[in-house]
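Trainee: Enclosed is the structure file my_file_20.cif (mmCIF, C-alpha atoms).
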data_query
#
loop_
_atom_site.label_atom_id
_atom_site.label_comp_id
_atom_site.auth_asym_id
_atom_site.auth_seq_id
_atom_site.Cartn_x
_atom_site.Cartn_y
_atom_site.Cartn_z
CA MET E 24 0.00 0.00 0.00
CA PRO E 25 1.35 3.38 -0.95
CA HIS E 26 1.15 4.94 2.46
CA ASP E 27 2.67 2.16 4.51
CA HIS E 28 6.13 3.54 4.21
CA HIS E 29 6.53 7.01 5.56
CA ASP E 30 9.96 7.84 4.33
CA HIS E 31 8.49 11.24 3.38
CA ASP E 32 7.44 12.87 6.61
CA HIS E 33 4.47 15.06 5.59
CA GLY E 34 3.63 16.14 9.11
CA HIS E 35 7.12 16.89 10.32
CA GLY E 36 6.04 15.42 13.61
CA HIS E 37 3.18 17.86 14.19
CA GLY E 38 -0.24 16.51 15.03
CA PRO E 39 -2.09 13.41 13.93
CA LEU E 40 -2.26 12.22 10.35
CA SER E 41 -5.39 11.44 8.34
CA PRO E 42 -6.10 7.78 7.41
CA SER E 43 -4.34 8.43 4.10
CA GLY E 44 -1.20 9.50 5.94
CA HIS E 45 -1.46 13.25 5.35
CA PRO E 46 -1.67 15.97 7.98
CA TYR E 47 -5.10 17.41 8.65
CA ARG E 48 -5.56 20.85 7.21
CA ARG E 49 -6.07 23.38 9.98
CA ASP E 50 -9.55 24.82 10.36
CA ASP E 51 -9.92 28.37 9.15
CA ASP E 52 -10.72 29.64 12.65
CA VAL E 53 -9.38 33.15 12.26
CA PRO E 54 -11.19 36.43 12.89
CA LEU E 55 -12.90 38.10 9.95
CA THR E 56 -10.85 40.78 8.26
CA TYR E 57 -12.02 44.37 8.14
CA TRP E 58 -13.24 43.98 4.55
CA GLN E 59 -15.02 40.70 5.25
CA ARG E 60 -16.95 42.42 8.05
CA MET E 61 -17.63 45.37 5.76
CA GLU E 62 -19.00 43.08 3.05
CA ILE E 63 -21.32 41.32 5.49
CA ALA E 64 -22.50 44.63 6.98
CA VAL E 65 -23.25 46.19 3.59
CA ARG E 66 -24.97 43.08 2.30
CA GLU E 67 -27.18 42.83 5.38
CA LEU E 68 -28.04 46.53 5.20
CA LEU E 69 -29.00 46.24 1.53
CA ILE E 70 -31.34 43.39 2.41
CA GLU E 71 -32.78 45.07 5.54
CA LYS E 72 -33.48 48.28 3.67
CA GLY E 73 -35.13 46.43 0.80
CA VAL E 74 -32.59 47.54 -1.82
CA ALA E 75 -31.92 43.96 -2.86
CA THR E 76 -32.99 40.53 -1.73
CA ALA E 77 -30.63 37.74 -0.69
CA GLU E 78 -31.79 35.83 -3.78
CA GLU E 79 -30.88 38.72 -6.06
CA ILE E 80 -27.44 39.03 -4.50
CA ALA E 81 -26.83 35.30 -4.85
CA ALA E 82 -28.02 35.42 -8.46
CA GLN E 83 -25.66 38.28 -9.25
CA ILE E 84 -22.72 36.41 -7.72
CA GLU E 85 -23.63 33.39 -9.83
CA ARG E 86 -23.79 35.60 -12.90
CA MET E 87 -20.33 37.00 -12.17
CA ASP E 88 -18.88 33.56 -11.48
CA ALA E 89 -20.36 32.22 -14.73
CA ARG E 90 -18.26 34.55 -16.85
CA SER E 91 -15.28 32.76 -18.27
CA PRO E 92 -12.59 33.18 -20.90
CA ALA E 93 -14.89 31.27 -23.28
CA LEU E 94 -16.68 34.58 -23.95
CA GLY E 95 -13.48 36.34 -24.97
CA ALA E 96 -12.48 33.32 -27.05
CA ARG E 97 -15.71 33.60 -29.07
CA VAL E 98 -14.92 37.25 -29.77
CA VAL E 99 -11.38 36.42 -30.90
CA ALA E 100 -12.58 33.57 -33.12
CA ARG E 101 -15.15 35.86 -34.77
CA ALA E 102 -12.45 38.45 -35.43
CA TRP E 103 -10.24 35.78 -37.02
CA ALA E 104 -13.09 34.55 -39.22
CA ASP E 105 -14.66 37.87 -40.21
CA PRO E 106 -12.41 40.77 -41.32
CA GLY E 107 -15.28 43.25 -41.10
CA PHE E 108 -15.93 42.27 -37.48
CA ARG E 109 -12.20 42.51 -36.75
CA ALA E 110 -12.15 46.10 -38.01
CA ARG E 111 -15.19 47.04 -35.93
CA LEU E 112 -13.70 45.30 -32.87
CA LEU E 113 -10.47 47.29 -33.13
CA ALA E 114 -12.38 50.57 -33.58
CA ASP E 115 -14.91 50.04 -30.76
CA GLY E 116 -14.49 46.83 -28.78
CA SER E 117 -17.59 47.30 -26.65
CA ALA E 118 -19.92 47.89 -29.61
CA ALA E 119 -18.53 44.90 -31.50
CA CYS E 120 -19.08 42.60 -28.49
CA ARG E 121 -22.63 43.91 -28.15
CA GLU E 122 -23.16 42.91 -31.78
CA MET E 123 -22.46 39.31 -30.73
CA GLY E 124 -24.94 39.56 -27.89
CA ILE E 125 -22.12 39.55 -25.34
CA GLU E 126 -23.13 41.71 -22.43
CA VAL E 127 -20.39 44.26 -21.86
CA ASP E 128 -22.24 46.46 -19.34
CA ALA E 129 -20.16 49.56 -18.72
CA LEU E 130 -17.02 47.92 -20.05
CA LYS E 131 -15.10 50.19 -22.41
CA LEU E 132 -13.09 47.71 -24.37
CA VAL E 133 -9.90 48.45 -26.26
CA VAL E 134 -8.73 45.53 -28.39
CA VAL E 135 -5.03 45.43 -29.26
CA GLU E 136 -3.92 43.18 -32.08
CA ASN E 137 -0.82 41.01 -32.19
CA THR E 138 0.89 41.19 -35.56
CA ALA E 139 4.09 39.93 -37.15
CA GLU E 140 5.74 43.09 -35.77
CA ALA E 141 4.34 43.47 -32.26
CA HIS E 142 3.18 41.43 -29.29
CA ASN E 143 0.78 43.03 -26.80
CA MET E 144 0.55 42.41 -23.07
CA VAL E 145 -1.90 43.79 -20.50
CA VAL E 146 -1.29 44.81 -16.89
CA CYS E 147 -2.91 47.08 -14.32
CA THR E 148 -0.18 48.58 -12.14
CA LEU E 149 -2.57 50.59 -9.96
CA CYS E 150 -4.93 47.77 -8.99
CA SER E 151 -6.30 44.84 -10.96
CA CYS E 152 -8.44 46.22 -13.82
CA TYR E 153 -9.34 43.29 -16.04
CA PRO E 154 -12.02 42.67 -18.70
CA ARG E 155 -14.10 40.51 -16.37
CA ASN E 156 -17.14 40.58 -18.64
CA LEU E 157 -15.11 38.75 -21.28
CA LEU E 158 -12.58 36.75 -19.26
CA GLY E 159 -14.22 36.16 -15.88
CA LEU E 160 -12.28 36.71 -12.67
CA PRO E 161 -8.58 37.51 -13.08
CA PRO E 162 -6.01 34.90 -12.09
CA ASP E 163 -4.31 35.60 -8.76
CA TRP E 164 -0.97 36.31 -10.40
CA TYR E 165 -2.51 39.14 -12.43
CA LYS E 166 -3.19 40.95 -9.15
CA SER E 167 0.23 40.20 -7.62
CA ARG E 168 2.73 42.98 -7.03
CA ALA E 169 5.35 40.93 -8.85
CA TYR E 170 3.37 40.75 -12.11
CA ARG E 171 2.25 44.37 -11.90
CA ALA E 172 5.69 45.77 -11.14
CA ARG E 173 7.71 43.55 -13.46
CA THR E 174 5.50 43.64 -16.55
CA VAL E 175 6.04 47.35 -17.10
CA LYS E 176 9.78 47.03 -16.47
CA GLU E 177 10.85 43.69 -17.93
CA PRO E 178 7.95 42.28 -19.97
CA ARG E 179 10.21 39.95 -21.94
CA ALA E 180 11.52 38.31 -18.78
CA VAL E 181 7.92 37.85 -17.59
CA LEU E 182 6.94 36.38 -20.96
CA ALA E 183 9.85 33.95 -20.79
CA GLU E 184 8.59 32.70 -17.42
CA PHE E 185 5.23 32.05 -19.07
CA GLY E 186 7.07 30.05 -21.72
CA VAL E 187 6.65 32.65 -24.44
CA THR E 188 9.64 33.39 -26.64
CA LEU E 189 9.05 35.94 -29.35
CA PRO E 190 10.65 35.86 -32.79
CA GLU E 191 13.70 38.03 -33.29
CA GLY E 192 12.79 41.64 -33.97
CA MET E 193 9.22 41.51 -32.64
CA ALA E 194 8.36 44.54 -30.49
CA VAL E 195 6.60 44.24 -27.14
CA ARG E 196 3.80 46.68 -26.38
CA VAL E 197 2.68 46.75 -22.76
CA HIS E 198 -0.70 48.29 -21.93
CA ASP E 199 -1.19 49.66 -18.41
CA SER E 200 -4.93 49.73 -17.70
CA THR E 201 -4.89 52.91 -15.60
CA ALA E 202 -8.36 54.40 -16.06
CA ASP E 203 -11.66 53.71 -17.85
CA MET E 204 -10.52 51.32 -20.60
CA ARG E 205 -10.23 47.55 -20.34
CA TYR E 206 -7.99 45.57 -22.66
CA LEU E 207 -8.27 42.40 -24.69
CA VAL E 208 -5.37 41.09 -26.75
CA LEU E 209 -6.39 39.82 -30.18
CA PRO E 210 -3.79 37.11 -30.77
CA ALA E 211 -2.51 36.36 -34.25
CA ARG E 212 -4.44 33.54 -35.90
CA PRO E 213 -2.30 30.38 -35.75
CA ALA E 214 -1.07 28.84 -38.97
CA GLY E 215 -2.87 25.74 -40.18
CA THR E 216 -6.34 26.88 -39.10
CA GLU E 217 -7.71 27.77 -42.54
CA GLY E 218 -10.44 25.13 -42.57
CA LEU E 219 -11.67 25.63 -38.99
CA ASP E 220 -15.06 27.08 -38.10
CA GLU E 221 -15.53 29.65 -35.34
CA ALA E 222 -16.20 27.09 -32.61
CA ALA E 223 -13.03 25.18 -33.45
CA LEU E 224 -11.06 28.43 -33.60
CA ALA E 225 -12.41 29.54 -30.22
CA ALA E 226 -11.15 26.30 -28.67
CA LEU E 227 -7.60 27.41 -29.52
CA VAL E 228 -7.87 30.72 -27.66
CA THR E 229 -6.59 30.56 -24.10
CA ARG E 230 -7.13 33.08 -21.32
CA ASP E 231 -3.42 33.90 -21.24
CA ALA E 232 -3.41 34.50 -25.00
CA MET E 233 -6.01 37.23 -24.42
CA ILE E 234 -3.95 38.81 -21.58
CA GLY E 235 -0.84 38.56 -23.73
CA THR E 236 1.10 36.26 -21.42
CA GLY E 237 0.46 33.34 -23.76
CA LEU E 238 -0.13 32.41 -27.36
CA PRO E 239 -3.11 30.54 -28.81
CA LYS E 240 -2.89 26.80 -29.16
CA THR E 241 -2.15 25.31 -32.55
CA PRO E 242 -4.55 22.78 -34.06
CA ASP E 243 -3.70 19.12 -33.54
CA ALA E 244 -1.63 17.66 -36.32
CA PRO E 245 -3.83 15.47 -38.55
CA MET I 27 14.61 61.53 -24.23
CA THR I 28 13.22 59.13 -26.80
CA LEU I 29 9.72 59.32 -28.18
CA PRO I 30 7.95 56.37 -29.78
CA GLU I 31 6.59 56.29 -33.29
CA VAL I 32 2.82 56.36 -33.27
CA THR I 33 0.44 55.47 -36.06
CA PRO I 34 -2.84 57.31 -35.52
CA PRO I 35 -5.61 54.75 -35.02
CA GLY I 36 -7.55 55.51 -38.21
CA PHE I 37 -10.94 55.62 -36.50
CA PRO I 38 -12.62 58.23 -34.32
CA PRO I 39 -12.87 57.86 -30.54
CA PRO I 40 -15.85 55.61 -29.77
CA TYR I 41 -16.85 57.86 -26.87
CA PRO I 42 -17.54 61.61 -27.07
CA ALA I 43 -14.34 63.53 -26.41
CA GLY I 44 -15.49 67.16 -26.67
CA ALA I 45 -12.71 69.61 -27.43
CA ALA I 46 -9.57 67.53 -26.99
CA ARG I 47 -6.43 69.59 -26.50
CA PHE I 48 -4.08 67.00 -28.04
CA ALA I 49 -4.25 65.04 -31.28
CA PRO I 50 -2.89 61.52 -31.89
CA GLY I 51 0.85 61.76 -32.47
CA ALA I 52 1.30 64.89 -30.35
CA ALA I 53 4.35 64.91 -28.07
CA VAL I 54 3.34 65.37 -24.43
CA ARG I 55 4.88 65.16 -21.00
CA VAL I 56 3.13 63.80 -17.93
CA ARG I 57 3.06 66.38 -15.17
CA PRO I 58 5.76 65.61 -12.63
CA GLY I 59 3.85 66.81 -9.59
CA ASP I 60 1.92 65.16 -6.84
CA ALA I 61 -1.46 65.96 -5.34
CA PRO I 62 -3.41 64.59 -2.43
CA GLY I 63 -6.18 62.12 -3.06
CA HIS I 64 -7.06 59.33 -5.44
CA LEU I 65 -4.88 59.67 -8.54
CA ARG I 66 -4.89 57.41 -11.58
CA THR I 67 -1.52 58.64 -12.89
CA PRO I 68 1.13 56.10 -11.85
CA TRP I 69 4.33 57.40 -10.25
CA TYR I 70 6.58 55.72 -12.78
CA LEU I 71 5.05 57.86 -15.56
CA ARG I 72 5.26 61.25 -13.82
CA GLY I 73 7.51 63.63 -15.73
CA ARG I 74 7.92 61.19 -18.64
CA ALA I 75 7.55 62.18 -22.29
CA GLY I 76 5.51 60.25 -24.83
CA ARG I 77 3.11 60.63 -27.69
CA ILE I 78 -0.68 60.54 -27.80
CA GLU I 79 -1.60 57.12 -29.20
CA ARG I 80 -5.35 57.80 -29.33
CA ILE I 81 -8.12 59.80 -27.75
CA CYS I 82 -10.30 57.47 -25.67
CA GLY I 83 -13.15 59.91 -24.97
CA ALA I 84 -14.11 62.15 -22.08
CA PHE I 85 -14.94 60.61 -18.72
CA ALA I 86 -15.86 61.71 -15.23
CA ASN I 87 -12.76 62.69 -13.25
CA PRO I 88 -11.84 59.78 -10.95
CA GLU I 89 -10.09 62.18 -8.58
CA GLU I 90 -13.55 63.65 -7.87
CA LEU I 91 -15.58 60.43 -8.09
CA ALA I 92 -13.44 58.94 -5.33
CA TYR I 93 -14.91 61.51 -2.94
CA HIS I 94 -18.53 61.03 -4.00
CA ARG I 95 -18.56 64.14 -6.16
CA ASP I 96 -20.00 63.94 -9.66
CA GLY I 97 -16.68 64.20 -11.51
CA GLN I 98 -18.05 66.87 -13.84
CA PRO I 99 -17.09 68.32 -16.23
CA PRO I 100 -15.77 65.20 -17.97
CA ARG I 101 -12.02 65.12 -18.63
CA VAL I 102 -10.55 63.94 -21.91
CA LEU I 103 -8.72 60.65 -21.52
CA TYR I 104 -5.82 59.69 -23.78
CA ARG I 105 -3.71 56.65 -24.33
CA VAL I 106 -0.12 57.88 -24.19
CA ARG I 107 2.71 55.75 -25.59
CA PHE I 108 6.16 55.79 -24.00
CA THR I 109 9.36 54.03 -24.98
CA MET I 110 10.93 51.73 -22.40
CA ALA I 111 14.11 53.81 -22.90
CA GLU I 112 12.22 56.90 -21.72
CA LEU I 113 10.80 55.10 -18.68
CA TRP I 114 13.80 53.10 -17.53
CA GLY I 115 16.84 54.73 -19.12
CA PRO I 116 19.93 52.60 -19.62
CA GLY I 117 18.32 49.87 -17.53
CA ALA I 118 15.59 49.28 -20.10
CA GLU I 119 15.15 45.64 -21.02
CA GLN I 120 14.59 46.50 -24.72
CA PRO I 121 14.73 50.28 -25.27
CA ALA I 122 12.43 50.36 -28.30
CA ASP I 123 9.60 48.40 -26.65
CA THR I 124 6.68 50.58 -25.64
CA LEU I 125 4.21 51.07 -22.84
CA ASP I 126 0.78 52.64 -23.32
CA ALA I 127 -1.17 54.05 -20.39
CA GLU I 128 -4.38 56.03 -20.01
CA ILE I 129 -3.72 59.56 -18.80
CA PHE I 130 -6.28 62.32 -18.25
CA GLU I 131 -5.74 65.64 -20.04
CA HIS I 132 -5.09 67.67 -16.89
CA TRP I 133 -2.03 65.49 -16.22
CA LEU I 134 -0.50 66.25 -19.64
CA GLU I 135 1.59 69.19 -20.84
CA PRO I 136 2.51 69.90 -24.45
CA MET I 137 6.18 69.43 -25.26
CA GLU I 138 7.94 72.71 -25.99
CA THR I 139 8.91 73.42 -29.58
CA GLY I 140 12.17 71.71 -30.41
CA ASP I 141 11.87 69.58 -27.30
CA ALA I 142 10.58 66.62 -29.26
CA ALA I 143 13.64 66.07 -31.43
#
Translate this structure into structure tokens?

Mentor:
Amino acid sequence: MPHDHHDHDHGHGHGPLSPSGHPYRRDDDVPLTYWQRMEIAVRELLIEKGVATAEEIAAQIERMDARSPALGARVVARAWADPGFRARLLADGSAACREMGIEVDALKLVVVENTAEAHNMVVCTLCSCYPRNLLGLPPDWYKSRAYRARTVKEPRAVLAEFGVTLPEGMAVRVHDSTADMRYLVLPARPAGTEGLDEAALAALVTRDAMIGTGLPKTPDAP
Amino acid sequence: MTLPEVTPPGFPPPYPAGAARFAPGAAVRVRPGDAPGHLRTPWYLRGRAGRIERICGAFANPEELAYHRDGQPPRVLYRVRFTMAELWGPGAEQPADTLDAEIFEHWLEPMETGDAA
């Protein structure tokens, strides 16, 4: 049995081990933070004062959690497949998304296009501005000080850590999302995708490709 | 000082901009100063020179909105492009790479004649 031999001491001698031989995770018995208390207080006030019901708040959280990079991927795939849409997307990202029935709310979307000459990358140094309506919640690293500070200073080193090596001579354009705009990178359409429909194209578009820390996948070799 | 090359976007701002002081391609400098309150102009761009990449439109002033005022009149917002050489000097990772950031008009000064060479 795999756990009979404890030559790897998970628990370092602290506390009992679970039946599978791993230490029990400590209960999260810590006081609420200031902002957790604030959130509970505001939510309860909104309900008490009849501004919103608990059901409405839960529904809104579900709606926010349901957003995922699949929405952004549909937009990218449409831009790859339809040059007219691509032009409208670059001129007014929010209006073009609305055309597709993708709810952009107050999002003011700027779409930046990767070309043979330039690779684009998005960061928010001041906080964590992110096109949530198209990509869902940002990954934790996007909000980290390390990503925010390093991307504006050494974007190529950051890209290398994401496994992205750019061709010789390609420029890097970093976009710091400092005010009202939100940014989506339109990656370059991968080679070998000529026969693919929009759904198949969308499956190649990763979240990181739309932040600019990655590149789209290439279609499986036949 | 090195200024980036900028190709004007080729389409109008999607949001009303009113009377914008600067046009795409114009050489500008971010005001070097500080002010109390909620500012959306990052420190690392203060005093740096760049070019207007595009006019985004006019938006309520976040420095006012942060204090529950209405942020009116709207301020014109630009995307300003900087070279990494301008931002980081000899320590730049790749001097010709660029950084674009959104800067409100009241944080921008025109470059003096001859200054942009």

Trainee: Would you compute the distance between CA of Ala93 in chain E and CA of Asp128 in chain E? Give it in Å to one decimal.

Mentor: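 According to the coordinates, CA of Ala93 in chain E and CA of Asp128 in chain E are separated by 17.3 Å.
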
Trainee: Can you work out which residues from chain I touch chain E at a cut-off of 8 Å (counting only C-alpha atoms) and hand them back as a PyMOL selection string?

Mentor: chain I and resi 37-40+66-68+82+85+110+114+118-119+122-129

Trainee: Translate the PyMOL selection byres ((chain E and resi 229) around 10) into a concrete residue list for this structure, as an mmCIF file with C-alpha atoms, keeping the file's coordinate frame.

Mentor:
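Below you can see expr12.cif, which holds the result:
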data_model
loop_
_atom_site.group_PDB
_atom_site.id
_atom_site.type_symbol
_atom_site.label_atom_id
_atom_site.label_comp_id
_atom_site.auth_asym_id
_atom_site.auth_seq_id
_atom_site.Cartn_x
_atom_site.Cartn_y
_atom_site.Cartn_z
ATOM 1 C CA PRO E 92 -12.590 33.180 -20.900
ATOM 2 C CA ALA E 93 -14.890 31.270 -23.280
ATOM 3 C CA GLY E 95 -13.480 36.340 -24.970
ATOM 4 C CA ALA E 96 -12.480 33.320 -27.050
ATOM 5 C CA LEU E 158 -12.580 36.750 -19.260
ATOM 6 C CA PRO E 210 -3.790 37.110 -30.770
ATOM 7 C CA ALA E 225 -12.410 29.540 -30.220
ATOM 8 C CA ALA E 226 -11.150 26.300 -28.670
ATOM 9 C CA LEU E 227 -7.600 27.410 -29.520
ATOM 10 C CA VAL E 228 -7.870 30.720 -27.660
ATOM 11 C CA ARG E 230 -7.130 33.080 -21.320
ATOM 12 C CA ASP E 231 -3.420 33.900 -21.240
ATOM 13 C CA ALA E 232 -3.410 34.500 -25.000
ATOM 14 C CA MET E 233 -6.010 37.230 -24.420
ATOM 15 C CA ILE E 234 -3.950 38.810 -21.580
ATOM 16 C CA GLY E 235 -0.840 38.560 -23.730
ATOM 17 C CA THR E 236 1.100 36.260 -21.420
ATOM 18 C CA GLY E 237 0.460 33.340 -23.760
ATOM 19 C CA LEU E 238 -0.130 32.410 -27.360
ATOM 20 C CA PRO E 239 -3.110 30.540 -28.810
ATOM 21 C CA LYS E 240 -2.890 26.800 -29.160
#

Trainee: In Å, rounded to a single decimal, give me how far CA of Ser151 in chain E is from CA of Ala43 in chain I.

Mentor: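 Spanning CA of Ala43 in chain I to CA of Ser151 in chain E is a straight-line distance of 25.5 Å.
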
Trainee: When the PyMOL selection byres ((chain I and resi 52) around 8) is applied to the structure above, which residues does it catch, written out as a list in words?

Mentor: Phe48, Ala49, Pro50, Gly51, Ala53, Val54, Arg77, Ile78 and Pro136 of chain I

Trainee: Would you write out those residues with C-alpha atoms, as a PDB file, in the coordinates of the input?

Mentor:
ATOM      1  CA  PHE I  48      -4.080  67.000 -28.040  1.00  0.00           C
ATOM      2  CA  ALA I  49      -4.250  65.040 -31.280  1.00  0.00           C
ATOM      3  CA  PRO I  50      -2.890  61.520 -31.890  1.00  0.00           C
ATOM      4  CA  GLY I  51       0.850  61.760 -32.470  1.00  0.00           C
ATOM      5  CA  ALA I  53       4.350  64.910 -28.070  1.00  0.00           C
ATOM      6  CA  VAL I  54       3.340  65.370 -24.430  1.00  0.00           C
ATOM      7  CA  ARG I  77       3.110  60.630 -27.690  1.00  0.00           C
ATOM      8  CA  ILE I  78      -0.680  60.540 -27.800  1.00  0.00           C
ATOM      9  CA  PRO I 136       2.510  69.900 -24.450  1.00  0.00           C
TER      10      PRO I 136
END

Trainee: Quick one: distance from CA of Arg205 in chain E to CA of Glu221 in chain E in Å, one decimal?

Mentor: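 The value is 23.9 Å.
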
Trainee: Would you kindly translate the PyMOL selection byres ((chain E and resi 211) around 7) into the concrete residues it picks from this file, as JSON, numbers by chain?

Mentor: {"E": [137, 138, 209, 210, 212, 213]}

Trainee: Set the distance at 7 Å and use only C-alpha atoms: which residues neighbour Ala92 in chain I once local chain neighbours fewer than 3 positions away are removed? I'd like the list as a list in words.

Mentor: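 Using only C-alpha atoms, the neighbours found are His64, Pro88 and Glu89 of chain I.
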
Trainee: Export C-alpha atoms of the chosen residues as a PDB file, in the frame of the given file?

Mentor:
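As written to disk, again.pdb reads:
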ATOM      1  CA  HIS I  64      -7.060  59.330  -5.440  1.00  0.00           C
ATOM      2  CA  PRO I  88     -11.840  59.780 -10.950  1.00  0.00           C
ATOM      3  CA  GLU I  89     -10.090  62.180  -8.580  1.00  0.00           C
TER       4      GLU I  89
END

Trainee: Could you give me the centre and size, in Å to one decimal, of an axis-aligned box around all listed atoms of range 73-76 of chain E with 6 Å added on every side, as JSON?

Mentor:
{"center_x": -33.5, "center_y": 44.0, "center_z": -1.0, "size_x": 15.2, "size_y": 19.0, "size_z": 15.7}

Trainee: May I have the protein, DNA and RNA residues with any atom at most 8 Å from the point (7.2, 61.6, -16.8), counting only C-alpha atoms, written as a PyMOL selection string?

Mentor: chain I and resi 55-58+70-75+113

Trainee: Nearest to Arg107 in chain I among I:Tyr93, I:Gly63, I:Tyr41, I:Gly76, with distances taken over only C-alpha atoms: which residue is it?

Mentor: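 Under the stated criterion, the closest residue is I:Gly76.
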
Trainee: Please provide as a list in words all residues within 10 Å of Thr76 in chain E, with the sequence filter that same-chain residues fewer than 6 positions apart are discarded (counting all atoms listed in the file).

Mentor: Arg66, Glu67, Leu69, Ile70 and Ala82 of chain E

Trainee: With distances taken over only C-alpha atoms, which residue among E:Pro154, E:Gly215, E:Pro46, E:Gly186 lies nearest Ser91 in chain E?

Mentor: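 Result for the nearest residue to Ser91 in chain E: E:Pro154.
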
Trainee: Can you fill out range 122-128 of chain I with all heavy atoms and hand it back as a PDB file, in the frame of the given file?

Mentor:
ATOM      1  N   ALA I 122      13.442  49.960 -27.316  1.00  0.00           N
ATOM      2  CA  ALA I 122      12.430  50.360 -28.300  1.00  0.00           C
ATOM      3  C   ALA I 122      11.046  49.787 -27.996  1.00  0.00           C
ATOM      4  O   ALA I 122      10.064  50.175 -28.635  1.00  0.00           O
ATOM      5  CB  ALA I 122      12.865  49.941 -29.704  1.00  0.00           C
ATOM      6  N   ASP I 123      10.935  48.873 -27.046  1.00  0.00           N
ATOM      7  CA  ASP I 123       9.600  48.400 -26.650  1.00  0.00           C
ATOM      8  C   ASP I 123       8.815  49.571 -26.084  1.00  0.00           C
ATOM      9  O   ASP I 123       9.399  50.576 -25.663  1.00  0.00           O
ATOM     10  CB  ASP I 123       9.708  47.288 -25.600  1.00  0.00           C
ATOM     11  CG  ASP I 123      10.119  45.947 -26.202  1.00  0.00           C
ATOM     12  OD1 ASP I 123      10.095  45.807 -27.433  1.00  0.00           O
ATOM     13  OD2 ASP I 123      10.467  45.033 -25.415  1.00  0.00           O
ATOM     14  N   THR I 124       7.499  49.435 -26.060  1.00  0.00           N
ATOM     15  CA  THR I 124       6.680  50.580 -25.640  1.00  0.00           C
ATOM     16  C   THR I 124       5.718  50.194 -24.532  1.00  0.00           C
ATOM     17  O   THR I 124       5.403  49.020 -24.328  1.00  0.00           O
ATOM     18  CB  THR I 124       5.861  51.138 -26.825  1.00  0.00           C
ATOM     19  OG1 THR I 124       4.990  50.116 -27.307  1.00  0.00           O
ATOM     20  CG2 THR I 124       6.767  51.638 -27.930  1.00  0.00           C
ATOM     21  N   LEU I 125       5.250  51.219 -23.850  1.00  0.00           N
ATOM     22  CA  LEU I 125       4.210  51.070 -22.840  1.00  0.00           C
ATOM     23  C   LEU I 125       3.148  52.141 -23.105  1.00  0.00           C
ATOM     24  O   LEU I 125       3.473  53.314 -23.281  1.00  0.00           O
ATOM     25  CB  LEU I 125       4.781  51.243 -21.436  1.00  0.00           C
ATOM     26  CG  LEU I 125       3.691  51.119 -20.365  1.00  0.00           C
ATOM     27  CD1 LEU I 125       4.110  50.143 -19.291  1.00  0.00           C
ATOM     28  CD2 LEU I 125       3.318  52.453 -19.765  1.00  0.00           C
ATOM     29  N   ASP I 126       1.900  51.716 -23.161  1.00  0.00           N
ATOM     30  CA  ASP I 126       0.780  52.640 -23.320  1.00  0.00           C
ATOM     31  C   ASP I 126       0.016  52.698 -22.003  1.00  0.00           C
ATOM     32  O   ASP I 126      -0.216  51.663 -21.377  1.00  0.00           O
ATOM     33  CB  ASP I 126      -0.213  52.144 -24.389  1.00  0.00           C
ATOM     34  CG  ASP I 126       0.367  52.129 -25.796  1.00  0.00           C
ATOM     35  OD1 ASP I 126       1.584  52.303 -25.948  1.00  0.00           O
ATOM     36  OD2 ASP I 126      -0.410  51.920 -26.743  1.00  0.00           O
ATOM     37  N   ALA I 127      -0.363  53.906 -21.597  1.00  0.00           N
ATOM     38  CA  ALA I 127      -1.170  54.050 -20.390  1.00  0.00           C
ATOM     39  C   ALA I 127      -2.226  55.115 -20.639  1.00  0.00           C
ATOM     40  O   ALA I 127      -2.049  55.997 -21.484  1.00  0.00           O
ATOM     41  CB  ALA I 127      -0.308  54.421 -19.191  1.00  0.00           C
ATOM     42  N   GLU I 128      -3.329  55.019 -19.886  1.00  0.00           N
ATOM     43  CA  GLU I 128      -4.380  56.030 -20.010  1.00  0.00           C
ATOM     44  C   GLU I 128      -4.084  57.174 -19.043  1.00  0.00           C
ATOM     45  O   GLU I 128      -3.909  56.958 -17.849  1.00  0.00           O
ATOM     46  CB  GLU I 128      -5.739  55.416 -19.648  1.00  0.00           C
ATOM     47  CG  GLU I 128      -6.177  54.298 -20.569  1.00  0.00           C
ATOM     48  CD  GLU I 128      -7.066  53.309 -19.841  1.00  0.00           C
ATOM     49  OE1 GLU I 128      -8.027  53.734 -19.182  1.00  0.00           O
ATOM     50  OE2 GLU I 128      -6.782  52.103 -19.914  1.00  0.00           O
TER      51      GLU I 128
END
